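See below for start26.cif, which holds mmCIF, C-alpha atoms.
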data_input
#
loop_
_atom_site.label_atom_id
_atom_site.label_comp_id
_atom_site.auth_asym_id
_atom_site.auth_seq_id
_atom_site.Cartn_x
_atom_site.Cartn_y
_atom_site.Cartn_z
CA MET A 306 -156.14 291.43 87.34
CA SER A 307 -157.44 289.04 89.99
CA ALA A 308 -161.19 288.59 90.21
CA THR A 309 -161.57 287.70 93.86
CA GLY A 310 -163.44 289.89 96.33
CA PRO A 311 -165.58 289.88 99.45
CA SER A 312 -168.96 288.21 99.44
CA LEU A 313 -171.65 290.73 98.64
CA THR A 314 -174.66 288.49 99.06
CA ASP A 315 -175.92 290.43 102.09
CA SER A 316 -175.21 293.89 100.63
CA PRO A 317 -177.99 296.37 99.81
CA THR A 318 -179.19 296.44 96.23
CA VAL A 319 -177.79 299.37 94.27
CA THR A 320 -178.23 300.77 90.79
CA HIS A 321 -175.40 300.54 88.30
CA PRO A 322 -174.24 302.92 85.59
CA SER A 323 -174.96 302.12 81.97
CA GLY A 324 -172.01 300.86 79.94
CA ALA A 325 -173.67 302.06 76.75
CA GLU A 326 -174.01 305.57 78.15
CA ILE A 327 -170.38 305.64 79.29
CA ILE A 328 -169.29 304.60 75.80
CA HIS A 329 -171.57 307.26 74.31
CA GLN A 330 -169.94 309.89 76.51
CA ILE A 331 -166.43 308.74 75.55
CA LYS A 332 -167.34 309.05 71.87
CA LYS A 333 -169.02 312.39 72.48
CA ALA A 334 -165.68 313.67 73.78
CA GLY A 335 -164.03 312.75 70.49
CA VAL A 336 -162.12 309.73 71.80
CA ARG A 337 -161.47 306.92 69.32
CA GLU A 338 -158.32 305.45 70.87
CA ILE A 339 -158.67 303.06 73.79
CA VAL A 340 -155.56 301.69 75.52
CA ALA A 341 -156.31 298.96 78.01
CA LEU A 342 -155.52 296.13 80.33
CA PRO A 343 -158.54 294.06 81.35
CA ASP A 344 -160.23 294.79 84.67
CA ILE A 345 -163.06 292.64 86.01
CA VAL A 346 -165.19 295.62 87.12
CA THR A 347 -165.33 297.14 83.63
CA SER A 348 -164.85 294.02 81.52
CA ASP A 349 -168.41 293.12 80.53
CA GLY A 350 -169.92 296.59 80.57
CA LEU A 351 -167.11 298.54 78.88
CA LEU A 352 -164.05 296.74 77.54
CA TRP A 353 -165.78 293.91 75.70
CA PRO A 354 -168.26 296.27 74.02
CA ILE A 355 -165.42 298.63 73.12
CA ALA A 356 -163.40 295.74 71.71
CA LYS A 357 -166.29 294.96 69.37
CA ASP A 358 -167.03 298.58 68.44
CA THR A 359 -165.41 299.50 65.14
CA ASP A 360 -165.53 303.20 66.01
CA PHE A 361 -162.63 302.54 68.38
CA ARG A 362 -159.06 301.38 67.90
CA LEU A 363 -158.16 299.27 70.93
CA THR A 364 -154.49 298.90 71.84
CA ARG A 365 -153.99 296.09 74.31
CA ILE A 366 -150.98 296.62 76.56
CA CYS A 367 -148.93 294.31 78.78
CA LYS A 368 -148.43 296.67 81.74
CA GLU A 369 -150.32 299.76 82.77
CA ASP A 370 -147.49 302.31 82.68
CA GLU A 371 -147.06 301.60 78.97
CA GLY A 372 -150.50 303.10 78.53
CA VAL A 373 -149.61 306.32 80.34
CA SER A 374 -146.79 306.87 77.85
CA ILE A 375 -148.84 305.85 74.81
CA CYS A 376 -151.70 308.22 75.69
CA GLY A 377 -149.33 311.05 76.59
CA ALA A 378 -147.45 310.73 73.31
CA MET A 379 -150.69 310.57 71.33
CA SER A 380 -151.83 313.86 72.83
CA TYR A 381 -149.09 315.89 71.13
CA ASN A 382 -151.06 316.10 67.90
CA GLY A 383 -154.40 316.35 69.67
CA THR A 384 -155.31 312.67 69.46
CA ARG A 385 -157.61 311.85 72.37
CA ALA A 386 -157.34 308.53 74.19
CA VAL A 387 -158.76 306.77 77.22
CA LEU A 388 -156.63 304.40 79.28
CA MET A 389 -158.44 301.58 81.09
CA MET A 390 -157.16 299.48 83.97
CA GLN A 391 -157.80 298.25 87.52
CA GLN A 392 -156.73 300.19 90.60
CA THR A 393 -153.83 297.80 91.18
CA GLY A 394 -152.42 298.94 87.85
CA LEU A 395 -153.03 302.54 88.82
CA MET A 396 -150.93 302.05 91.93
CA ASP A 397 -148.24 300.39 89.83
CA SER A 398 -148.19 303.33 87.40
CA LEU A 399 -147.95 306.20 89.83
CA ASN A 400 -144.43 307.23 88.85
CA ALA A 401 -145.34 307.36 85.17
CA ILE A 402 -148.47 309.37 85.97
CA ARG A 403 -146.43 311.67 88.20
CA ALA A 404 -143.84 312.29 85.50
CA ILE A 405 -145.83 312.22 82.28
CA GLY A 406 -149.20 313.43 83.46
CA VAL A 407 -148.33 315.87 86.24
CA ASP A 408 -144.74 317.07 85.69
CA TYR A 409 -145.08 317.08 81.88
CA GLU A 410 -148.65 318.40 82.05
CA LEU A 411 -150.17 315.94 79.58
CA PRO A 412 -153.84 314.95 79.44
CA ILE A 413 -153.87 311.33 80.59
CA VAL A 414 -157.52 310.26 80.95
CA MET A 415 -158.01 306.99 82.79
CA VAL A 416 -161.00 304.77 83.57
CA VAL A 417 -160.07 302.71 86.61
CA GLY A 418 -162.14 299.85 87.99
CA LEU A 419 -162.12 299.55 91.77
CA GLN A 420 -161.89 295.80 92.12
CA GLY A 421 -163.00 294.62 95.54
CA LYS A 422 -165.02 297.73 96.37
CA GLU A 423 -168.40 297.08 97.93
CA PRO A 424 -170.94 298.61 95.50
CA HIS A 425 -173.01 300.15 98.31
CA LEU A 426 -170.07 301.84 100.03
CA HIS A 427 -167.99 304.87 99.14
CA SER A 428 -164.45 303.85 98.25
CA LYS A 429 -163.05 305.56 101.34
CA GLN A 430 -165.29 303.32 103.47
CA SER A 431 -164.27 300.10 101.77
CA ARG A 432 -163.02 297.20 103.86
CA SER A 433 -160.36 296.76 101.20
CA TYR A 434 -157.16 298.66 101.97
CA GLY A 435 -156.24 298.66 98.28
CA VAL A 436 -159.51 300.41 97.45
CA ARG A 437 -159.64 302.69 100.47
CA ILE A 438 -156.34 304.39 99.74
CA VAL A 439 -156.98 305.21 96.07
CA GLU A 440 -158.66 308.59 96.48
CA PRO A 441 -156.32 309.81 99.25
CA VAL A 442 -153.34 308.88 97.07
CA LEU A 443 -154.78 310.79 94.10
CA ASP A 444 -155.54 313.75 96.37
CA ALA A 445 -151.96 313.73 97.63
CA MET A 446 -150.75 313.75 94.02
CA GLU A 447 -153.16 316.60 93.21
CA ILE A 448 -154.71 314.58 90.38
CA SER A 449 -158.26 315.38 89.29
CA HIS A 450 -160.65 312.46 89.72
CA SER A 451 -164.35 311.67 89.77
CA GLN A 452 -166.55 308.70 90.53
CA ILE A 453 -168.68 306.58 88.24
CA GLU A 454 -171.07 304.82 90.61
CA GLU A 455 -174.64 305.98 90.17
CA PRO A 456 -176.33 306.03 86.74
CA HIS A 457 -176.30 309.84 86.72
CA ASP A 458 -172.52 309.94 87.30
CA VAL A 459 -171.98 309.25 83.59
CA GLU A 460 -173.45 312.59 82.55
CA ASN A 461 -170.24 314.55 83.07
CA ILE A 462 -167.81 312.10 81.50
CA ALA A 463 -167.51 313.94 78.16
CA LYS A 464 -167.17 317.27 79.94
CA ASN A 465 -164.40 315.94 82.21
CA ILE A 466 -162.54 314.53 79.21
CA ASP A 467 -162.87 317.86 77.41
CA THR A 468 -161.55 319.68 80.47
CA ALA A 469 -158.58 317.33 80.80
CA TYR A 470 -157.56 318.00 77.19
CA GLN A 471 -158.28 321.72 77.34
CA ASN A 472 -156.16 322.09 80.50
CA SER A 473 -153.66 319.41 79.45
CA ARG A 474 -153.89 317.66 82.81
CA PRO A 475 -154.77 314.10 83.88
CA HIS A 476 -158.23 313.04 84.98
CA ILE A 477 -159.12 309.68 86.49
CA PHE A 478 -162.61 308.17 86.54
CA LEU A 479 -162.99 305.70 89.40
CA VAL A 480 -165.57 303.03 88.58
CA GLY A 481 -166.95 301.68 91.82
CA ARG A 482 -169.87 299.70 90.42
CA ALA A 483 -169.69 297.42 87.41
CA PRO A 484 -171.30 299.16 84.43
CA GLU A 485 -174.25 297.31 82.95
CA ALA A 486 -173.42 295.67 79.65
CA PRO A 487 -175.09 297.35 76.65
CA MET B 491 -116.12 294.02 68.61
CA SER B 492 -118.31 297.01 69.45
CA ILE B 493 -119.41 300.23 67.80
CA ARG B 494 -118.73 303.67 69.24
CA ARG B 495 -122.12 305.15 70.08
CA ASP B 496 -121.42 308.53 68.50
CA GLN B 497 -120.30 306.82 65.30
CA ALA B 498 -123.48 304.76 65.19
CA LEU B 499 -125.52 307.94 65.58
CA ARG B 500 -123.53 309.66 62.84
CA ALA B 501 -124.24 306.68 60.58
CA LEU B 502 -127.95 307.05 61.27
CA MET B 503 -128.12 310.79 60.63
CA PRO B 504 -128.41 310.70 56.82
CA PHE B 505 -131.31 308.24 57.09
CA VAL B 506 -133.44 310.35 59.43
CA ASP B 507 -135.67 312.57 57.30
CA LYS B 508 -136.90 315.97 58.45
CA ASP B 509 -140.44 314.63 59.05
CA ASP B 510 -139.31 311.64 61.12
CA ILE B 511 -139.75 311.56 64.89
CA VAL B 512 -136.84 310.43 67.07
CA VAL B 513 -137.39 309.27 70.66
CA ALA B 514 -134.09 308.78 72.47
CA VAL B 515 -133.01 308.15 76.05
CA TYR B 516 -130.18 308.89 78.44
CA GLN B 517 -126.67 309.33 77.02
CA THR B 518 -127.84 308.35 73.54
CA ASN B 519 -130.37 311.16 73.78
CA PHE B 520 -127.79 313.73 74.85
CA ASP B 521 -125.37 312.61 72.13
CA TRP B 522 -128.11 312.68 69.46
CA MET B 523 -129.32 316.13 70.56
CA ALA B 524 -125.78 317.48 70.16
CA LEU B 525 -125.05 315.71 66.88
CA ASN B 526 -128.42 316.28 65.22
CA PRO B 527 -130.49 318.97 66.94
CA ARG B 528 -133.94 319.04 65.38
CA ALA B 529 -137.42 320.02 66.51
CA LEU B 530 -138.85 316.53 66.02
CA ASN B 531 -136.48 315.03 68.58
CA TYR B 532 -138.78 313.82 71.39
CA VAL B 533 -136.40 314.25 74.28
CA GLY B 534 -138.37 313.56 77.47
CA VAL B 535 -139.97 310.22 78.26
CA GLY B 536 -140.55 310.99 81.96
CA ALA B 537 -139.92 307.58 83.45
CA MET B 538 -137.11 305.11 82.72
CA GLY B 539 -138.09 302.34 80.34
CA GLN B 540 -140.90 304.23 78.63
CA ALA B 541 -139.25 305.20 75.32
CA SER B 542 -140.75 302.33 73.35
CA SER B 543 -144.23 303.14 74.69
CA HIS B 544 -143.94 306.83 73.85
CA GLY B 545 -142.72 305.79 70.41
CA LEU B 546 -145.71 303.52 69.98
CA GLY B 547 -148.15 306.30 70.89
CA LEU B 548 -146.46 308.60 68.40
CA ALA B 549 -146.45 305.94 65.69
CA LEU B 550 -150.14 305.18 66.15
CA ALA B 551 -151.17 308.83 66.18
CA ASN B 552 -148.87 309.83 63.30
CA PRO B 553 -149.04 307.01 60.72
CA ASP B 554 -147.62 309.26 58.01
CA ARG B 555 -144.35 309.73 59.89
CA ARG B 556 -141.60 307.25 60.71
CA VAL B 557 -140.79 306.93 64.41
CA PHE B 558 -137.26 306.02 65.46
CA VAL B 559 -136.73 304.90 69.05
CA PHE B 560 -133.14 305.00 70.32
CA ASP B 561 -133.54 302.88 73.43
CA GLY B 562 -131.15 301.75 76.14
CA ASP B 563 -130.73 298.17 77.26
CA GLY B 564 -131.27 298.95 80.95
CA SER B 565 -134.30 300.97 79.94
CA LEU B 566 -135.80 298.23 77.79
CA LEU B 567 -135.37 295.70 80.60
CA MET B 568 -137.83 297.82 82.58
CA ASN B 569 -140.47 297.54 79.86
CA LEU B 570 -139.92 294.24 78.06
CA GLY B 571 -143.65 293.74 77.65
CA SER B 572 -143.67 296.75 75.34
CA LEU B 573 -141.96 294.58 72.71
CA VAL B 574 -145.10 292.45 72.60
CA THR B 575 -147.38 295.49 72.66
CA VAL B 576 -145.49 297.11 69.77
CA ALA B 577 -145.44 293.93 67.69
CA ASN B 578 -149.17 293.40 68.26
CA ALA B 579 -149.98 296.99 67.25
CA ASN B 580 -148.75 296.42 63.67
CA VAL B 581 -146.99 299.77 63.48
CA ALA B 582 -145.39 299.76 60.04
CA ASN B 583 -143.68 303.10 60.76
CA PHE B 584 -141.83 301.99 63.92
CA TYR B 585 -138.03 301.50 63.95
CA HIS B 586 -136.56 300.46 67.28
CA PHE B 587 -132.80 300.74 67.85
CA LEU B 588 -131.28 299.37 71.05
CA PHE B 589 -127.96 300.90 72.08
CA ALA B 590 -126.69 298.02 74.16
CA ASN B 591 -123.73 298.84 76.38
CA ARG B 592 -124.72 296.29 79.05
CA VAL B 593 -124.37 298.82 81.90
CA TYR B 594 -126.43 301.54 83.59
CA GLU B 595 -124.09 304.15 82.21
CA VAL B 596 -125.49 307.35 83.71
CA ASN B 597 -126.05 305.69 87.10
CA GLY B 598 -122.49 304.63 87.82
CA SER B 599 -121.94 302.06 85.06
CA HIS B 600 -123.15 299.15 87.15
CA PRO B 601 -123.71 296.01 85.06
CA LEU B 602 -127.17 294.99 83.90
CA PRO B 603 -128.53 291.78 85.40
CA GLY B 604 -127.52 289.05 83.00
CA ALA B 605 -125.38 291.55 81.15
CA ASP B 606 -123.35 288.94 79.31
CA LYS B 607 -126.27 286.64 78.50
CA VAL B 608 -129.39 288.61 77.55
CA ASP B 609 -130.39 288.29 73.90
CA PHE B 610 -132.41 291.41 73.16
CA THR B 611 -132.61 290.67 69.44
CA GLY B 612 -134.06 287.29 70.29
CA PHE B 613 -136.62 288.92 72.57
CA ALA B 614 -137.79 291.21 69.76
CA ALA B 615 -137.97 288.42 67.20
CA ALA B 616 -139.91 286.22 69.59
CA ALA B 617 -142.28 289.10 70.39
CA GLY B 618 -143.21 289.38 66.74
CA TYR B 619 -141.24 292.29 65.28
CA LEU B 620 -141.17 291.89 61.52
CA GLY B 621 -137.39 292.17 61.50
CA ALA B 622 -134.73 291.86 64.18
CA GLN B 623 -131.03 292.31 63.52
CA GLU B 624 -127.85 292.88 65.51
CA PHE B 625 -124.56 294.58 64.73
CA ASP B 626 -121.10 294.71 66.30
CA SER B 627 -119.37 296.48 63.43
CA LEU B 628 -119.91 300.02 62.19
CA ASN B 629 -119.27 299.09 58.57
CA THR B 630 -121.69 296.19 58.59
CA PHE B 631 -124.32 298.35 60.29
CA SER B 632 -123.86 301.23 57.86
CA ASN B 633 -124.12 298.94 54.87
CA ALA B 634 -127.26 297.23 56.17
CA LEU B 635 -129.14 300.38 57.18
CA PRO B 636 -130.85 301.04 53.82
CA SER B 637 -132.12 297.50 53.70
CA PHE B 638 -133.92 297.27 57.03
CA LEU B 639 -135.04 300.90 57.01
CA GLY B 640 -136.63 300.13 53.65
CA ALA B 641 -138.52 297.23 55.19
CA GLN B 642 -141.89 297.51 56.88
CA GLY B 643 -141.86 298.02 60.63
CA PRO B 644 -141.79 297.24 63.37
CA GLN B 645 -138.08 296.62 62.99
CA PHE B 646 -135.67 296.03 65.87
CA THR B 647 -131.93 296.58 65.72
CA THR B 648 -129.46 295.87 68.49
CA LEU B 649 -126.24 297.87 68.31
CA ASN B 650 -123.54 296.59 70.63
CA VAL B 651 -121.90 299.84 71.61
CA VAL B 652 -119.27 301.42 73.78
CA ALA B 653 -119.29 305.04 74.81
CA GLY B 654 -117.82 307.35 72.22
CA GLU B 655 -117.46 311.07 72.60
CA ALA B 656 -119.84 311.97 75.42
CA TYR B 657 -121.91 315.12 75.10
CA PRO B 658 -123.24 317.18 78.05
CA ARG B 659 -126.17 315.81 80.03
CA ASP B 660 -128.74 318.61 80.01
CA TYR B 661 -131.48 317.08 82.14
CA ASP B 662 -133.15 320.44 82.72
CA TYR B 663 -133.79 320.84 78.99
CA ILE B 664 -135.12 317.36 78.27
CA HIS B 665 -137.71 317.69 81.04
CA SER B 666 -138.60 321.29 80.20
CA THR B 667 -141.84 322.81 79.01
CA ALA B 668 -139.83 324.48 76.24
CA ALA B 669 -138.72 321.12 74.86
CA ARG B 670 -142.28 319.77 74.82
CA ASN B 671 -143.67 322.92 73.25
CA SER B 672 -140.98 322.92 70.57
CA PHE B 673 -141.79 319.32 69.66
CA ARG B 674 -145.56 319.95 69.69
CA GLN B 675 -145.21 322.98 67.45
CA ALA B 676 -143.03 321.13 64.95
CA LEU B 677 -145.36 318.13 64.92
CA ASN B 678 -148.40 320.24 64.15
CA GLN B 679 -146.80 322.56 61.64
CA ARG B 680 -148.05 320.81 58.54
#
Please rewrite the model in this file as structure tokens.
Amino acid sequence: MSATGPSLTDSPTVTHPSGAEIIHQIKKAGVREIVALPDIVTSDGLLWPIAKDTDFRLTRICKEDEGVSICGAMSYNGTRAVLMMQQTGLMDSLNAIRAIGVDYELPIVMVVGLQGKEPHLHSKQSRSYGVRIVEPVLDAMEISHSQIEEPHDVENIAKNIDTAYQNSRPHIFLVGRAPEAP
Amino acid sequence: MSIRRDQALRALMPFVDKDDIVVAVYQTNFDWMALNPRALNYVGVGAMGQASSHGLGLALANPDRRVFVFDGDGSLLMNLGSLVTVANANVANFYHFLFANRVYEVNGSHPLPGADKVDFTGFAAAAGYLGAQEFDSLNTFSNALPSFLGAQGPQFTTLNVVAGEAYPRDYDYIHSTAARNSFRQALNQR
């Protein structure tokens, strides 16, 4: 949950995805349950707006693997949920994701902020080791994932959530640029 | 004084209705499955320590059902923050039982850190559970059950137990697709 990162003052200007559009896509997929730990990348553009949105029930958790279990258990009666965290929490939750998402074949949908990622670089090119390894780790675990970086990346969010629930498998959205606040 | 685990489970059986969900772990899970096999037993939590979190997800998504969590003390130590999460979620249908034997029973019976000092009931009360109680005697526990099960959750109950009759450890079943499908089907039947 730390907020420190490299100086980006000399980085190229990039466009950012719309927080409002991401929230619209989450609702479009029928999700009304959000389970979250704060993450500085998604705080202003997603979590604060969600916290104030009465369409959602927000369950604040103390540690990320709690959320894997909560979302997995909710799915048994078809309740859809999105779990939000930072990539450090993702790394800390890998065993729960392995067991509950992959071995148990449950639809754990996660929105993960890549704290420390340079907005103009792909995560695999990041100077941050903690960012650079995220996609290779997910690939090794055979976990479906997609990026939310450019504004047009949000267009498939609802479809990816639908697919995760239809196939009863995890999907992880990696947010590499802070969404713009609605 | 301590309670035999199988006797504590037998005392609980009449109070678990057919629509209630039971999430149990390790030897308590195996004993409960043998003593009270039922489709709404949620038998696989995947990772140690996660029973309370699975129970919370079930309680939030199924507010018309009571959720019983039969937790272990070694398990709960891995997920103490969940006590705060549960209390903050205001789940009125959540009943958390801790079967405290102070050892990692299925992993060689090594002692828990701080085994003779940790106050789990105090943890739950401080976290904000609406009720937190502790029992060393089967009779006292049996007599008190109607009272705290009649109270609004989340409720936390520590049972200081010793192993009773031990039932077979069928790990293949608790992690099986068949177990999950059976639970899912029963949950969505009505």
- Task: Please report as a VMD selection string which residues of chain A come no farther than 7 Å from chain B, using all atoms listed in the file.
- Result: chain A and resid 364 to 368 371 374 to 376 378 to 379 381 to 382 384 401 404 to 405
List the spatial neighbours of Asp467 in chain A as a PDB file with C-alpha atoms, in the frame of the given file - criterion: any atom at most 10 Å away, only C-alpha atoms, same-chain residues fewer than 2 positions off excluded.
ATOM      1  CA  ILE A 331    -166.430 308.740  75.550  1.00  0.00           C
ATOM      2  CA  LYS A 333    -169.020 312.390  72.480  1.00  0.00           C
ATOM      3  CA  ALA A 334    -165.680 313.670  73.780  1.00  0.00           C
ATOM      4  CA  GLY A 335    -164.030 312.750  70.490  1.00  0.00           C
ATOM      5  CA  VAL A 336    -162.120 309.730  71.800  1.00  0.00           C
ATOM      6  CA  ARG A 385    -157.610 311.850  72.370  1.00  0.00           C
ATOM      7  CA  PRO A 412    -153.840 314.950  79.440  1.00  0.00           C
ATOM      8  CA  VAL A 414    -157.520 310.260  80.950  1.00  0.00           C
ATOM      9  CA  ASN A 461    -170.240 314.550  83.070  1.00  0.00           C
ATOM     10  CA  ILE A 462    -167.810 312.100  81.500  1.00  0.00           C
ATOM     11  CA  ALA A 463    -167.510 313.940  78.160  1.00  0.00           C
ATOM     12  CA  LYS A 464    -167.170 317.270  79.940  1.00  0.00           C
ATOM     13  CA  ASN A 465    -164.400 315.940  82.210  1.00  0.00           C
ATOM     14  CA  ALA A 469    -158.580 317.330  80.800  1.00  0.00           C
ATOM     15  CA  TYR A 470    -157.560 318.000  77.190  1.00  0.00           C
ATOM     16  CA  GLN A 471    -158.280 321.720  77.340  1.00  0.00           C
ATOM     17  CA  ASN A 472    -156.160 322.090  80.500  1.00  0.00           C
ATOM     18  CA  SER A 473    -153.660 319.410  79.450  1.00  0.00           C
TER      19      SER A 473
END
- Apply the PyMOL selection byres ((chain B and resi 660) around 10) to the structure shown and report the selected residues as a list in words. Tyr516, Gln517, Asn519, Phe520, Met523, Tyr657, Pro658, Arg659, Tyr661, Asp662, Tyr663, Ile664 and His665 of chain B
- Message: List the spatial neighbours of Leu363 in chain A as a PyMOL selection string - criterion: any atom at most 7 Å away, all atoms listed in the file, same-chain residues fewer than 4 positions off excluded.
- Response: chain A and resi 338-340+356
Take the residues just selected and output them with C-alpha atoms as a short mmCIF file (atom, residue, chain, number, x, y, z; two decimals), keeping the file's coordinate frame.
data_model
loop_
_atom_site.label_atom_id
_atom_site.label_comp_id
_atom_site.auth_asym_id
_atom_site.auth_seq_id
_atom_site.Cartn_x
_atom_site.Cartn_y
_atom_site.Cartn_z
CA GLU A 338 -158.32 305.45 70.87
CA ILE A 339 -158.67 303.06 73.79
CA VAL A 340 -155.56 301.69 75.52
CA ALA A 356 -163.40 295.74 71.71
#
- Task: Check which residues satisfy the PyMOL selection byres ((chain A and resi 315-322) around 12) in the file shown, then give them as a count of residues only.
- Result: 37
- Task: Given the file shown, enumerate the residues that the PyMOL selection byres ((chain B and resi 502-509) around 12) captures and present them as a PyMOL selection string.
- Result: chain B and resi 495-501+510-513+521-531+552-560+585+587+628+631-640+649+673+676-680
- Message: Can you measure CA of Gln642 in chain B to CA of Thr630 in chain B for me? One decimal in Å is fine.
- Response: 20.3 Å
- Compile the contact shell of range 600-617 of chain B as a list in words: residues with an atom at most 9 Å away, counting only C-alpha atoms, same-chain residues fewer than 4 positions apart removed.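 After dropping sequence-adjacent residues, the list is Asp563, Gly564, Leu566, Leu567, Leu570, Gly571, Leu573, Val574, Thr575, Val576, Ala577, Asn578, Leu588, Ala590, Asn591, Arg592, Val593, Tyr594, Glu595, Gly621, Ala622, Gln623, Glu624, Gln645, Phe646, Thr647 and Thr648 of chain B.
The interatomic distance for the pair CA of Gly598 in chain B and CA of Val407 in chain A works out to 28.2 Å.
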- Message: Quick check, in Å to one decimal: how far apart do CA of Phe361 in chain A and CA of Ala341 in chain A lie?
- Response: 12.1 Å
